[in-house]
Every structure is written in C-alpha cells, then in structure tokens.
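Everything below belongs to entry_7.txt, which stores compact mmCIF, N, CA and C atoms.
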# COMPACT_ATOMS: atom_id res chain seq x y z
N MET A 20 25.29 39.02 -16.71
CA MET A 20 24.70 38.04 -17.59
C MET A 20 23.85 38.77 -18.63
N SER A 21 23.95 38.30 -19.83
CA SER A 21 23.15 38.92 -20.89
C SER A 21 21.70 38.49 -20.77
N ARG A 22 20.82 39.33 -21.30
CA ARG A 22 19.38 39.02 -21.29
C ARG A 22 19.11 37.73 -22.04
N ARG A 23 19.77 37.53 -23.13
CA ARG A 23 19.59 36.33 -23.95
C ARG A 23 19.97 35.07 -23.16
N PHE A 24 21.09 35.14 -22.44
CA PHE A 24 21.54 34.01 -21.63
C PHE A 24 20.54 33.71 -20.52
N ARG A 25 20.03 34.77 -19.84
CA ARG A 25 19.06 34.58 -18.77
C ARG A 25 17.77 33.96 -19.29
N LEU A 26 17.31 34.41 -20.45
CA LEU A 26 16.10 33.82 -21.04
C LEU A 26 16.32 32.35 -21.39
N GLY A 27 17.47 32.06 -21.95
CA GLY A 27 17.80 30.67 -22.29
C GLY A 27 17.89 29.81 -21.05
N LEU A 28 18.54 30.32 -20.02
CA LEU A 28 18.67 29.57 -18.77
C LEU A 28 17.30 29.38 -18.13
N GLY A 29 16.48 30.42 -18.13
CA GLY A 29 15.13 30.31 -17.57
C GLY A 29 14.30 29.27 -18.31
N SER A 30 14.36 29.28 -19.62
CA SER A 30 13.62 28.30 -20.43
C SER A 30 14.11 26.89 -20.14
N PHE A 31 15.42 26.74 -20.03
CA PHE A 31 16.01 25.43 -19.74
C PHE A 31 15.51 24.90 -18.39
N LEU A 32 15.50 25.77 -17.37
CA LEU A 32 15.05 25.34 -16.03
C LEU A 32 13.58 24.97 -16.04
N ILE A 33 12.77 25.69 -16.78
CA ILE A 33 11.35 25.36 -16.88
C ILE A 33 11.18 23.99 -17.53
N LEU A 34 11.93 23.73 -18.59
CA LEU A 34 11.85 22.43 -19.25
C LEU A 34 12.27 21.30 -18.32
N LEU A 35 13.29 21.56 -17.50
CA LEU A 35 13.70 20.55 -16.53
C LEU A 35 12.61 20.30 -15.49
N ALA A 36 11.90 21.33 -15.10
CA ALA A 36 10.89 21.20 -14.05
C ALA A 36 9.60 20.55 -14.54
N LEU A 37 9.30 20.60 -15.83
CA LEU A 37 8.05 20.05 -16.34
C LEU A 37 7.84 18.58 -16.01
N PRO A 38 8.83 17.71 -16.21
CA PRO A 38 8.60 16.30 -15.84
C PRO A 38 8.29 16.13 -14.35
N LEU A 39 8.90 16.93 -13.50
CA LEU A 39 8.63 16.84 -12.06
C LEU A 39 7.19 17.25 -11.79
N PHE A 40 6.71 18.28 -12.48
CA PHE A 40 5.34 18.72 -12.31
C PHE A 40 4.38 17.63 -12.75
N ARG A 41 4.67 16.99 -13.86
CA ARG A 41 3.81 15.92 -14.35
C ARG A 41 3.76 14.76 -13.36
N VAL A 42 4.90 14.38 -12.79
CA VAL A 42 4.94 13.29 -11.82
C VAL A 42 4.11 13.66 -10.59
N ALA A 43 4.28 14.87 -10.09
CA ALA A 43 3.52 15.30 -8.91
C ALA A 43 2.03 15.31 -9.22
N THR A 44 1.66 15.77 -10.38
CA THR A 44 0.25 15.81 -10.75
C THR A 44 -0.30 14.40 -10.87
N ALA A 45 0.46 13.49 -11.48
CA ALA A 45 0.00 12.11 -11.65
C ALA A 45 -0.18 11.43 -10.29
N SER A 46 0.72 11.71 -9.36
CA SER A 46 0.64 11.04 -8.07
C SER A 46 -0.46 11.62 -7.18
N THR A 47 -1.00 12.79 -7.54
CA THR A 47 -2.06 13.38 -6.73
C THR A 47 -3.42 13.17 -7.38
N GLY A 48 -3.51 12.23 -8.28
CA GLY A 48 -4.76 11.97 -8.98
C GLY A 48 -5.78 11.23 -8.14
N GLY A 49 -5.70 11.28 -6.83
CA GLY A 49 -6.68 10.66 -5.97
C GLY A 49 -6.27 9.31 -5.40
N VAL A 50 -5.15 8.77 -5.84
CA VAL A 50 -4.69 7.47 -5.33
C VAL A 50 -3.27 7.63 -4.79
N ARG A 51 -3.10 7.30 -3.53
CA ARG A 51 -1.77 7.34 -2.92
C ARG A 51 -1.21 5.93 -2.89
N THR A 52 0.10 5.80 -3.10
CA THR A 52 0.75 4.49 -3.05
C THR A 52 1.44 4.32 -1.71
N VAL A 53 1.19 3.17 -1.08
CA VAL A 53 1.87 2.80 0.17
C VAL A 53 2.62 1.51 -0.11
N ASN A 54 3.93 1.53 0.10
CA ASN A 54 4.77 0.35 -0.09
C ASN A 54 4.90 -0.39 1.23
N ILE A 55 4.64 -1.68 1.19
CA ILE A 55 4.79 -2.54 2.37
C ILE A 55 5.71 -3.69 1.99
N THR A 56 6.68 -3.95 2.84
CA THR A 56 7.59 -5.06 2.64
C THR A 56 7.31 -6.13 3.68
N ILE A 57 7.26 -7.37 3.23
CA ILE A 57 7.16 -8.51 4.14
C ILE A 57 8.57 -9.05 4.29
N HIS A 58 9.05 -9.05 5.54
CA HIS A 58 10.41 -9.50 5.82
C HIS A 58 10.41 -10.20 7.17
N PHE A 59 10.93 -11.42 7.21
CA PHE A 59 10.94 -12.23 8.44
C PHE A 59 9.53 -12.36 9.01
N SER A 60 8.55 -12.59 8.12
CA SER A 60 7.15 -12.77 8.51
C SER A 60 6.60 -11.60 9.33
N ARG A 61 6.99 -10.40 8.92
CA ARG A 61 6.49 -9.16 9.52
C ARG A 61 6.19 -8.17 8.40
N PHE A 62 5.21 -7.30 8.62
CA PHE A 62 4.92 -6.23 7.69
C PHE A 62 5.72 -4.99 8.11
N GLU A 63 6.37 -4.37 7.13
CA GLU A 63 7.11 -3.13 7.38
C GLU A 63 6.67 -2.10 6.36
N PRO A 64 6.03 -1.01 6.76
CA PRO A 64 5.65 -0.65 8.13
C PRO A 64 4.46 -1.49 8.59
N ASP A 65 4.24 -1.48 9.90
CA ASP A 65 3.12 -2.24 10.44
C ASP A 65 1.96 -1.33 10.85
N HIS A 66 2.06 -0.06 10.46
CA HIS A 66 0.97 0.88 10.71
C HIS A 66 0.91 1.90 9.58
N VAL A 67 -0.31 2.23 9.15
CA VAL A 67 -0.52 3.20 8.09
C VAL A 67 -1.65 4.13 8.53
N ASP A 68 -1.50 5.42 8.27
CA ASP A 68 -2.55 6.40 8.51
C ASP A 68 -3.16 6.81 7.18
N VAL A 69 -4.47 6.86 7.12
CA VAL A 69 -5.18 7.26 5.89
C VAL A 69 -6.31 8.23 6.26
N ALA A 70 -6.80 8.93 5.25
CA ALA A 70 -7.94 9.82 5.44
C ALA A 70 -9.23 9.06 5.17
N PRO A 71 -10.33 9.45 5.78
CA PRO A 71 -11.61 8.81 5.48
C PRO A 71 -11.93 8.95 3.99
N GLY A 72 -12.32 7.84 3.38
CA GLY A 72 -12.66 7.85 1.96
C GLY A 72 -11.48 7.83 1.01
N GLU A 73 -10.25 7.83 1.54
CA GLU A 73 -9.06 7.86 0.70
C GLU A 73 -8.89 6.52 -0.03
N THR A 74 -8.40 6.59 -1.26
CA THR A 74 -8.07 5.40 -2.03
C THR A 74 -6.55 5.22 -1.98
N VAL A 75 -6.12 4.02 -1.57
CA VAL A 75 -4.70 3.73 -1.43
C VAL A 75 -4.34 2.51 -2.27
N ARG A 76 -3.26 2.62 -2.97
CA ARG A 76 -2.69 1.52 -3.75
C ARG A 76 -1.59 0.90 -2.89
N PHE A 77 -1.81 -0.32 -2.41
CA PHE A 77 -0.81 -1.02 -1.60
C PHE A 77 0.07 -1.86 -2.52
N VAL A 78 1.36 -1.61 -2.48
CA VAL A 78 2.34 -2.40 -3.21
C VAL A 78 3.06 -3.24 -2.16
N VAL A 79 2.79 -4.55 -2.16
CA VAL A 79 3.29 -5.44 -1.11
C VAL A 79 4.37 -6.34 -1.71
N ARG A 80 5.56 -6.22 -1.16
CA ARG A 80 6.73 -6.98 -1.64
C ARG A 80 7.09 -8.04 -0.60
N ASN A 81 7.07 -9.30 -1.00
CA ASN A 81 7.39 -10.41 -0.09
C ASN A 81 8.85 -10.81 -0.32
N THR A 82 9.71 -10.47 0.62
CA THR A 82 11.13 -10.83 0.51
C THR A 82 11.43 -12.17 1.19
N ASP A 83 10.43 -12.78 1.77
CA ASP A 83 10.62 -14.06 2.46
C ASP A 83 10.65 -15.23 1.46
N PRO A 84 11.23 -16.36 1.88
CA PRO A 84 11.24 -17.55 1.03
C PRO A 84 9.96 -18.38 1.15
N ILE A 85 8.96 -17.85 1.85
CA ILE A 85 7.67 -18.54 2.01
C ILE A 85 6.54 -17.62 1.56
N ASP A 86 5.41 -18.22 1.22
CA ASP A 86 4.24 -17.46 0.79
C ASP A 86 3.59 -16.74 1.97
N HIS A 87 2.91 -15.64 1.64
CA HIS A 87 2.13 -14.88 2.62
C HIS A 87 0.87 -14.39 1.93
N GLU A 88 0.06 -13.64 2.67
CA GLU A 88 -1.10 -12.98 2.11
C GLU A 88 -1.26 -11.63 2.77
N PHE A 89 -2.05 -10.79 2.14
CA PHE A 89 -2.34 -9.46 2.65
C PHE A 89 -3.86 -9.33 2.66
N ILE A 90 -4.43 -9.34 3.86
CA ILE A 90 -5.87 -9.26 4.03
C ILE A 90 -6.15 -7.99 4.83
N LEU A 91 -6.90 -7.08 4.24
CA LEU A 91 -7.23 -5.80 4.87
C LEU A 91 -8.72 -5.77 5.18
N GLY A 92 -9.05 -5.48 6.44
CA GLY A 92 -10.46 -5.42 6.81
C GLY A 92 -10.62 -5.23 8.30
N ASP A 93 -11.86 -5.24 8.73
CA ASP A 93 -12.15 -5.09 10.16
C ASP A 93 -11.94 -6.43 10.88
N GLN A 94 -12.23 -6.45 12.16
CA GLN A 94 -12.01 -7.67 12.95
C GLN A 94 -12.84 -8.83 12.43
N ARG A 95 -14.05 -8.56 11.95
CA ARG A 95 -14.90 -9.62 11.40
C ARG A 95 -14.23 -10.28 10.19
N VAL A 96 -13.70 -9.47 9.30
CA VAL A 96 -12.99 -10.01 8.12
C VAL A 96 -11.79 -10.84 8.55
N GLN A 97 -11.05 -10.35 9.54
CA GLN A 97 -9.87 -11.07 10.01
C GLN A 97 -10.25 -12.41 10.63
N THR A 98 -11.34 -12.43 11.40
CA THR A 98 -11.79 -13.67 12.03
C THR A 98 -12.22 -14.69 10.98
N ILE A 99 -12.94 -14.23 9.96
CA ILE A 99 -13.36 -15.13 8.87
C ILE A 99 -12.14 -15.76 8.21
N HIS A 100 -11.13 -14.97 7.94
CA HIS A 100 -9.93 -15.50 7.27
C HIS A 100 -9.09 -16.36 8.20
N GLU A 101 -9.04 -16.01 9.46
CA GLU A 101 -8.26 -16.82 10.41
C GLU A 101 -8.88 -18.20 10.57
N ASN A 102 -10.20 -18.28 10.51
CA ASN A 102 -10.90 -19.55 10.66
C ASN A 102 -11.18 -20.24 9.32
N GLY A 103 -10.87 -19.58 8.23
CA GLY A 103 -11.18 -20.11 6.91
C GLY A 103 -10.13 -21.07 6.40
N THR A 104 -10.37 -21.54 5.19
CA THR A 104 -9.46 -22.53 4.61
C THR A 104 -8.87 -22.09 3.28
N GLU A 105 -9.10 -20.84 2.87
CA GLU A 105 -8.55 -20.36 1.60
C GLU A 105 -7.03 -20.26 1.69
N LEU A 106 -6.34 -21.00 0.84
CA LEU A 106 -4.88 -20.89 0.80
C LEU A 106 -4.44 -19.87 -0.23
N ARG A 107 -5.29 -19.57 -1.20
CA ARG A 107 -4.99 -18.59 -2.24
C ARG A 107 -6.17 -17.64 -2.36
N HIS A 108 -5.86 -16.39 -2.62
CA HIS A 108 -6.91 -15.38 -2.76
C HIS A 108 -6.85 -14.76 -4.14
N PRO A 109 -7.95 -14.85 -4.86
CA PRO A 109 -7.97 -14.13 -6.13
C PRO A 109 -7.91 -12.64 -5.82
N PRO A 110 -7.24 -11.88 -6.65
CA PRO A 110 -7.12 -10.44 -6.34
C PRO A 110 -8.50 -9.77 -6.25
N LYS A 111 -8.74 -9.14 -5.12
CA LYS A 111 -9.90 -8.29 -4.95
C LYS A 111 -9.48 -7.19 -3.98
N PRO A 112 -10.16 -6.06 -3.98
CA PRO A 112 -9.69 -4.95 -3.14
C PRO A 112 -9.42 -5.38 -1.70
N GLY A 113 -8.17 -5.20 -1.28
CA GLY A 113 -7.78 -5.47 0.09
C GLY A 113 -7.44 -6.91 0.41
N GLU A 114 -7.52 -7.81 -0.56
CA GLU A 114 -7.20 -9.22 -0.29
C GLU A 114 -6.38 -9.79 -1.44
N MET A 115 -5.22 -10.38 -1.10
CA MET A 115 -4.42 -11.01 -2.14
C MET A 115 -3.39 -11.94 -1.53
N SER A 116 -3.03 -12.94 -2.31
CA SER A 116 -1.91 -13.81 -1.97
C SER A 116 -0.64 -13.14 -2.46
N VAL A 117 0.44 -13.31 -1.69
CA VAL A 117 1.73 -12.73 -2.07
C VAL A 117 2.77 -13.85 -1.99
N PRO A 118 2.96 -14.59 -3.10
CA PRO A 118 3.92 -15.70 -3.08
C PRO A 118 5.34 -15.24 -2.75
N ALA A 119 6.15 -16.18 -2.30
CA ALA A 119 7.54 -15.90 -1.95
C ALA A 119 8.25 -15.18 -3.09
N GLY A 120 8.99 -14.12 -2.72
CA GLY A 120 9.82 -13.41 -3.69
C GLY A 120 9.07 -12.59 -4.73
N THR A 121 7.79 -12.31 -4.51
CA THR A 121 7.02 -11.55 -5.50
C THR A 121 6.52 -10.24 -4.91
N THR A 122 6.01 -9.41 -5.79
CA THR A 122 5.36 -8.16 -5.41
C THR A 122 3.96 -8.17 -6.00
N ARG A 123 2.98 -7.85 -5.19
CA ARG A 123 1.59 -7.81 -5.63
C ARG A 123 1.00 -6.45 -5.26
N VAL A 124 -0.07 -6.08 -5.96
CA VAL A 124 -0.69 -4.76 -5.76
C VAL A 124 -2.19 -4.92 -5.55
N THR A 125 -2.73 -4.18 -4.61
CA THR A 125 -4.17 -4.10 -4.41
C THR A 125 -4.52 -2.65 -4.11
N THR A 126 -5.69 -2.24 -4.56
CA THR A 126 -6.16 -0.87 -4.32
C THR A 126 -7.41 -0.95 -3.46
N TYR A 127 -7.47 -0.08 -2.46
CA TYR A 127 -8.55 -0.14 -1.48
C TYR A 127 -9.02 1.28 -1.17
N THR A 128 -10.33 1.48 -1.19
CA THR A 128 -10.90 2.75 -0.78
C THR A 128 -11.44 2.60 0.63
N PHE A 129 -10.93 3.43 1.53
CA PHE A 129 -11.26 3.31 2.95
C PHE A 129 -12.63 3.91 3.26
N PRO A 130 -13.33 3.33 4.22
CA PRO A 130 -14.65 3.84 4.60
C PRO A 130 -14.53 5.16 5.35
N THR A 131 -15.65 5.81 5.50
CA THR A 131 -15.68 7.06 6.27
C THR A 131 -16.30 6.86 7.64
N THR A 132 -16.79 5.66 7.91
CA THR A 132 -17.52 5.40 9.16
C THR A 132 -16.75 4.54 10.15
N ILE A 133 -15.57 4.09 9.78
CA ILE A 133 -14.75 3.24 10.67
C ILE A 133 -13.45 3.97 10.93
N ASP A 134 -12.88 3.81 12.12
CA ASP A 134 -11.63 4.53 12.39
C ASP A 134 -10.40 3.63 12.49
N GLN A 135 -10.58 2.32 12.40
CA GLN A 135 -9.44 1.40 12.53
C GLN A 135 -9.69 0.13 11.72
N LEU A 136 -8.71 -0.29 10.94
CA LEU A 136 -8.76 -1.56 10.24
C LEU A 136 -7.45 -2.30 10.49
N ILE A 137 -7.43 -3.56 10.10
CA ILE A 137 -6.27 -4.43 10.32
C ILE A 137 -5.85 -5.00 8.97
N PHE A 138 -4.53 -5.15 8.76
CA PHE A 138 -4.06 -5.97 7.64
C PHE A 138 -3.24 -7.10 8.24
N ALA A 139 -3.39 -8.29 7.63
CA ALA A 139 -2.80 -9.46 8.26
C ALA A 139 -2.55 -10.57 7.25
N CYS A 140 -1.76 -11.54 7.69
CA CYS A 140 -1.57 -12.79 6.97
C CYS A 140 -2.18 -13.89 7.82
N HIS A 141 -3.03 -14.72 7.19
CA HIS A 141 -3.72 -15.77 7.92
C HIS A 141 -3.31 -17.17 7.48
N LEU A 142 -2.17 -17.29 6.82
CA LEU A 142 -1.68 -18.64 6.55
C LEU A 142 -1.39 -19.29 7.90
N PRO A 143 -1.44 -20.60 8.00
CA PRO A 143 -1.36 -21.26 9.31
C PRO A 143 -0.22 -20.76 10.20
N GLY A 144 -0.62 -20.23 11.37
CA GLY A 144 0.32 -19.77 12.38
C GLY A 144 0.86 -18.37 12.18
N HIS A 145 0.65 -17.75 11.03
CA HIS A 145 1.26 -16.45 10.76
C HIS A 145 0.67 -15.33 11.61
N TYR A 146 -0.66 -15.28 11.73
CA TYR A 146 -1.30 -14.23 12.54
C TYR A 146 -0.86 -14.36 14.01
N ALA A 147 -0.88 -15.58 14.53
CA ALA A 147 -0.47 -15.81 15.92
C ALA A 147 0.99 -15.43 16.14
N PHE A 148 1.81 -15.56 15.11
CA PHE A 148 3.22 -15.20 15.18
C PHE A 148 3.40 -13.68 15.22
N GLY A 149 2.34 -12.94 14.90
CA GLY A 149 2.41 -11.48 14.95
C GLY A 149 2.39 -10.82 13.59
N MET A 150 1.96 -11.56 12.57
CA MET A 150 1.99 -11.01 11.22
C MET A 150 0.70 -10.23 10.96
N HIS A 151 0.63 -9.03 11.53
CA HIS A 151 -0.50 -8.15 11.32
C HIS A 151 -0.08 -6.72 11.59
N GLY A 152 -0.86 -5.80 11.06
CA GLY A 152 -0.61 -4.37 11.23
C GLY A 152 -1.94 -3.65 11.31
N SER A 153 -1.88 -2.34 11.46
CA SER A 153 -3.11 -1.56 11.62
C SER A 153 -3.15 -0.37 10.68
N VAL A 154 -4.36 0.06 10.41
CA VAL A 154 -4.61 1.26 9.62
C VAL A 154 -5.53 2.15 10.45
N THR A 155 -5.10 3.38 10.69
CA THR A 155 -5.93 4.35 11.37
C THR A 155 -6.53 5.27 10.32
N ILE A 156 -7.86 5.37 10.37
CA ILE A 156 -8.59 6.21 9.43
C ILE A 156 -8.98 7.48 10.19
N GLY A 157 -8.39 8.59 9.82
CA GLY A 157 -8.67 9.83 10.52
C GLY A 157 -8.31 11.02 9.66
N GLU A 158 -8.52 12.18 10.18
CA GLU A 158 -8.23 13.42 9.43
C GLU A 158 -6.75 13.61 9.27
Please express what this file holds, its structure, as structure tokens.
Amino acid sequence: MSRRFRLGLGSFLILLALPLFRVATASTGGVRTVNITIHFSRFEPDHVDVAPGETVRFVVRNTDPIDHEFILGDQRVQTIHENGTELRHPPKPGEMSVPAGTTRVTTYTFPTTIDQLIFACHLPGHYAFGMHGSVTIGE
C-alpha cells in the first residue's frame, strides 16, 4: 500500500469514528437513559440498578390500550399514591401519567442515603395486579 493511500484511509476512518465519539460523549454527560416498556400491565424491565446520586432519564413507552402511570419513590410515596385520588399527574421528577399508546419521559436524580425505591402504577387495581418494579441504589 502506498503511503498516500494509507494516509487517506486513516483520515477516512477517523472521520467515520468522530460521530461515534460525539454520541458516546453526549451520552456520558451525567444522565443515563433507561427505557421501560409497559406491556400487559407490567413494567419491562421490572428492576433497575443505579448509582447513588445518579441522574436517570426514564423513557416509558405504554404499549397497552389503557392508561397507566409511572410513580417513582419510597414506600411512603407509593402508599400516598395508592390511597390517593389523582387520575392524572402533571410531569414532575419521577411522577407522570402515561396514556395508552404513548411514550413519556421523566428525569430523576437518585438519593445517596436510600438503597431501594419502587416504581409503580396506582390506577385502580394496577398495583395489586403486580404493576410495580424496584430500583436498587448501590455502587
């Protein structure tokens, strides 16, 4: 191979790699994305591991023909929502309504003092049906 060809090929490969580097850099800007699908009134996945203090962007896709919600918090938060009457949740970190056939996004920064949280749907009967998952906060 000629030196000129090798230089050209090397330059070409570097140019191809630059967009990949930019994507990797953008995705490591302190926020990780976790995709959750609601299917048959279940969360998939139903467990997520995070680091203490980590900020996570949850992208929740509801493939069901019925509405759901995504409520992230400790047992106290879950009890309040299970006993509450809110049918719709304005977007706030860790809490949102996810209408049928839609995708919604919430961003949540995890505490450093708790090691376990729950995400759940509290529309009538959904939590009792098993519509909940867990988040382990650890190293």
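Using only C-alpha atoms, the nearest neighbour of Ala147 in chain A within the list A:Glu101, A:Phe89, A:Gly113, A:His108 is A:Glu101.
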Using only C-alpha atoms, determine which residues lie at most 12 Å from Asp86 in chain A, disregarding the query and same-chain residues fewer than 3 positions distant; provide the list as a ChimeraX atom specification. /A:57-60,80-83,89,106-108,115-123,140-143,145
Determine the nearest neighbour of Thr52 in chain A from the options A:Leu91, A:Leu136, A:Ala70, A:Val124, counting only C-alpha atoms.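 Nearest candidate to Thr52 in chain A out of A:Leu91, A:Leu136, A:Ala70, A:Val124: A:Val124.
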Between atom N of Val79 in chain A and atom C of Arg51 in chain A, measure the distance and give it in Å to one decimal.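 For atom N of Val79 in chain A relative to atom C of Arg51 in chain A, the distance reads 11.2 Å.
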Quick check, in Å to one decimal: how far apart do CA of Asp93 in chain A and CA of Glu73 in chain A lie?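 We find that CA of Asp93 in chain A and CA of Glu73 in chain A lie 16.3 Å from each other.
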Atom C of Ile156 in chain A to CA of Glu88 in chain A, distance in Å rounded to a single decimal: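 Atom-to-atom, atom C of Ile156 in chain A to CA of Glu88 in chain A, that is 23.4 Å.
Among the candidate residues A:Gly144, A:Gly103, A:Gly92, A:Pro71, the one lying nearest to Gly157 in chain A is A:Pro71, with distances computed using all atoms listed in the file.
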Taking all atoms of range 138-155 of chain A that the file lists and extending 4 Å past them on each side, where is the centre of the axis-aligned box and how long are its edges? Answer in Å to one decimal, as JSON.
{"center_x": -1.6, "center_y": -8.0, "center_z": 11.3, "size_x": 17.9, "size_y": 34.5, "size_z": 17.6}
Check range 66-126 of chain A with DSSP on the backbone and list each residue it calls strand (DSSP E or B), as a PDB file with N, CA and C atoms, in the coordinates of the input.
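As a result, part_19.pdb now contains:
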ATOM      1  N   HIS A  66       2.060  -0.060  10.460  1.00  0.00           N
ATOM      2  CA  HIS A  66       0.970   0.880  10.710  1.00  0.00           C
ATOM      3  C   HIS A  66       0.910   1.900   9.580  1.00  0.00           C
ATOM      4  N   VAL A  67      -0.310   2.230   9.150  1.00  0.00           N
ATOM      5  CA  VAL A  67      -0.520   3.200   8.090  1.00  0.00           C
ATOM      6  C   VAL A  67      -1.650   4.130   8.530  1.00  0.00           C
ATOM      7  N   ASP A  68      -1.500   5.420   8.270  1.00  0.00           N
ATOM      8  CA  ASP A  68      -2.550   6.400   8.510  1.00  0.00           C
ATOM      9  C   ASP A  68      -3.160   6.810   7.180  1.00  0.00           C
ATOM     10  N   VAL A  69      -4.470   6.860   7.120  1.00  0.00           N
ATOM     11  CA  VAL A  69      -5.180   7.260   5.890  1.00  0.00           C
ATOM     12  C   VAL A  69      -6.310   8.230   6.260  1.00  0.00           C
ATOM     13  N   THR A  74      -8.400   6.590  -1.260  1.00  0.00           N
ATOM     14  CA  THR A  74      -8.070   5.400  -2.030  1.00  0.00           C
ATOM     15  C   THR A  74      -6.550   5.220  -1.980  1.00  0.00           C
ATOM     16  N   VAL A  75      -6.120   4.020  -1.570  1.00  0.00           N
ATOM     17  CA  VAL A  75      -4.700   3.730  -1.430  1.00  0.00           C
ATOM     18  C   VAL A  75      -4.340   2.510  -2.270  1.00  0.00           C
ATOM     19  N   ARG A  76      -3.260   2.620  -2.970  1.00  0.00           N
ATOM     20  CA  ARG A  76      -2.690   1.520  -3.750  1.00  0.00           C
ATOM     21  C   ARG A  76      -1.590   0.900  -2.890  1.00  0.00           C
ATOM     22  N   PHE A  77      -1.810  -0.320  -2.410  1.00  0.00           N
ATOM     23  CA  PHE A  77      -0.810  -1.020  -1.600  1.00  0.00           C
ATOM     24  C   PHE A  77       0.070  -1.860  -2.520  1.00  0.00           C
ATOM     25  N   VAL A  78       1.360  -1.610  -2.480  1.00  0.00           N
ATOM     26  CA  VAL A  78       2.340  -2.400  -3.210  1.00  0.00           C
ATOM     27  C   VAL A  78       3.060  -3.240  -2.160  1.00  0.00           C
ATOM     28  N   VAL A  79       2.790  -4.550  -2.160  1.00  0.00           N
ATOM     29  CA  VAL A  79       3.290  -5.440  -1.110  1.00  0.00           C
ATOM     30  C   VAL A  79       4.370  -6.340  -1.710  1.00  0.00           C
ATOM     31  N   ARG A  80       5.560  -6.220  -1.160  1.00  0.00           N
ATOM     32  CA  ARG A  80       6.730  -6.980  -1.640  1.00  0.00           C
ATOM     33  C   ARG A  80       7.090  -8.040  -0.600  1.00  0.00           C
ATOM     34  N   ASN A  81       7.070  -9.300  -1.000  1.00  0.00           N
ATOM     35  CA  ASN A  81       7.390 -10.410  -0.090  1.00  0.00           C
ATOM     36  C   ASN A  81       8.850 -10.810  -0.320  1.00  0.00           C
ATOM     37  N   HIS A  87       2.910 -15.640   1.640  1.00  0.00           N
ATOM     38  CA  HIS A  87       2.130 -14.880   2.620  1.00  0.00           C
ATOM     39  C   HIS A  87       0.870 -14.390   1.930  1.00  0.00           C
ATOM     40  N   GLU A  88       0.060 -13.640   2.670  1.00  0.00           N
ATOM     41  CA  GLU A  88      -1.100 -12.980   2.110  1.00  0.00           C
ATOM     42  C   GLU A  88      -1.260 -11.630   2.770  1.00  0.00           C
ATOM     43  N   PHE A  89      -2.050 -10.790   2.140  1.00  0.00           N
ATOM     44  CA  PHE A  89      -2.340  -9.460   2.650  1.00  0.00           C
ATOM     45  C   PHE A  89      -3.860  -9.330   2.660  1.00  0.00           C
ATOM     46  N   ILE A  90      -4.430  -9.340   3.860  1.00  0.00           N
ATOM     47  CA  ILE A  90      -5.870  -9.260   4.030  1.00  0.00           C
ATOM     48  C   ILE A  90      -6.150  -7.990   4.830  1.00  0.00           C
ATOM     49  N   LEU A  91      -6.900  -7.080   4.240  1.00  0.00           N
ATOM     50  CA  LEU A  91      -7.230  -5.800   4.870  1.00  0.00           C
ATOM     51  C   LEU A  91      -8.720  -5.770   5.180  1.00  0.00           C
ATOM     52  N   GLY A  92      -9.050  -5.480   6.440  1.00  0.00           N
ATOM     53  CA  GLY A  92     -10.460  -5.420   6.810  1.00  0.00           C
ATOM     54  C   GLY A  92     -10.620  -5.230   8.300  1.00  0.00           C
ATOM     55  N   LYS A 111      -8.740  -9.140  -5.120  1.00  0.00           N
ATOM     56  CA  LYS A 111      -9.900  -8.290  -4.950  1.00  0.00           C
ATOM     57  C   LYS A 111      -9.480  -7.190  -3.980  1.00  0.00           C
ATOM     58  N   GLU A 114      -7.520  -7.810  -0.560  1.00  0.00           N
ATOM     59  CA  GLU A 114      -7.200  -9.220  -0.290  1.00  0.00           C
ATOM     60  C   GLU A 114      -6.380  -9.790  -1.440  1.00  0.00           C
ATOM     61  N   MET A 115      -5.220 -10.380  -1.100  1.00  0.00           N
ATOM     62  CA  MET A 115      -4.420 -11.010  -2.140  1.00  0.00           C
ATOM     63  C   MET A 115      -3.390 -11.940  -1.530  1.00  0.00           C
ATOM     64  N   SER A 116      -3.030 -12.940  -2.310  1.00  0.00           N
ATOM     65  CA  SER A 116      -1.910 -13.810  -1.970  1.00  0.00           C
ATOM     66  C   SER A 116      -0.640 -13.140  -2.460  1.00  0.00           C
ATOM     67  N   VAL A 117       0.440 -13.310  -1.690  1.00  0.00           N
ATOM     68  CA  VAL A 117       1.730 -12.730  -2.070  1.00  0.00           C
ATOM     69  C   VAL A 117       2.770 -13.850  -1.990  1.00  0.00           C
ATOM     70  N   THR A 122       6.010  -9.410  -5.790  1.00  0.00           N
ATOM     71  CA  THR A 122       5.360  -8.160  -5.410  1.00  0.00           C
ATOM     72  C   THR A 122       3.960  -8.170  -6.000  1.00  0.00           C
ATOM     73  N   ARG A 123       2.980  -7.850  -5.190  1.00  0.00           N
ATOM     74  CA  ARG A 123       1.590  -7.810  -5.630  1.00  0.00           C
ATOM     75  C   ARG A 123       1.000  -6.450  -5.260  1.00  0.00           C
ATOM     76  N   VAL A 124      -0.070  -6.080  -5.960  1.00  0.00           N
ATOM     77  CA  VAL A 124      -0.690  -4.760  -5.760  1.00  0.00           C
ATOM     78  C   VAL A 124      -2.190  -4.920  -5.550  1.00  0.00           C
ATOM     79  N   THR A 125      -2.730  -4.180  -4.610  1.00  0.00           N
ATOM     80  CA  THR A 125      -4.170  -4.100  -4.410  1.00  0.00           C
ATOM     81  C   THR A 125      -4.520  -2.650  -4.110  1.00  0.00           C
ATOM     82  N   THR A 126      -5.690  -2.240  -4.560  1.00  0.00           N
ATOM     83  CA  THR A 126      -6.160  -0.870  -4.320  1.00  0.00           C
ATOM     84  C   THR A 126      -7.410  -0.950  -3.460  1.00  0.00           C
TER      85      THR A 126
END
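Each of A:Ser153, A:Thr56, A:Thr74, A:Thr98 was checked against Asp134 in chain A using only C-alpha atoms; the smallest atom-to-atom distance is that of A:Ser153.
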Counting all atoms listed in the file, which residues sit no farther than 8 Å from the position (0.2, -8.6, 13.8) in the file's frame? I'd like them as a ChimeraX atom specification. /A:61-62,65,138-140,145-153
Which residue out of A:His66, A:Arg76, A:Lys111, A:Arg95 has the minimum interatomic distance to Thr128 in chain A when only C-alpha atoms are used?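 Nearest to Thr128 in chain A: A:Arg76.
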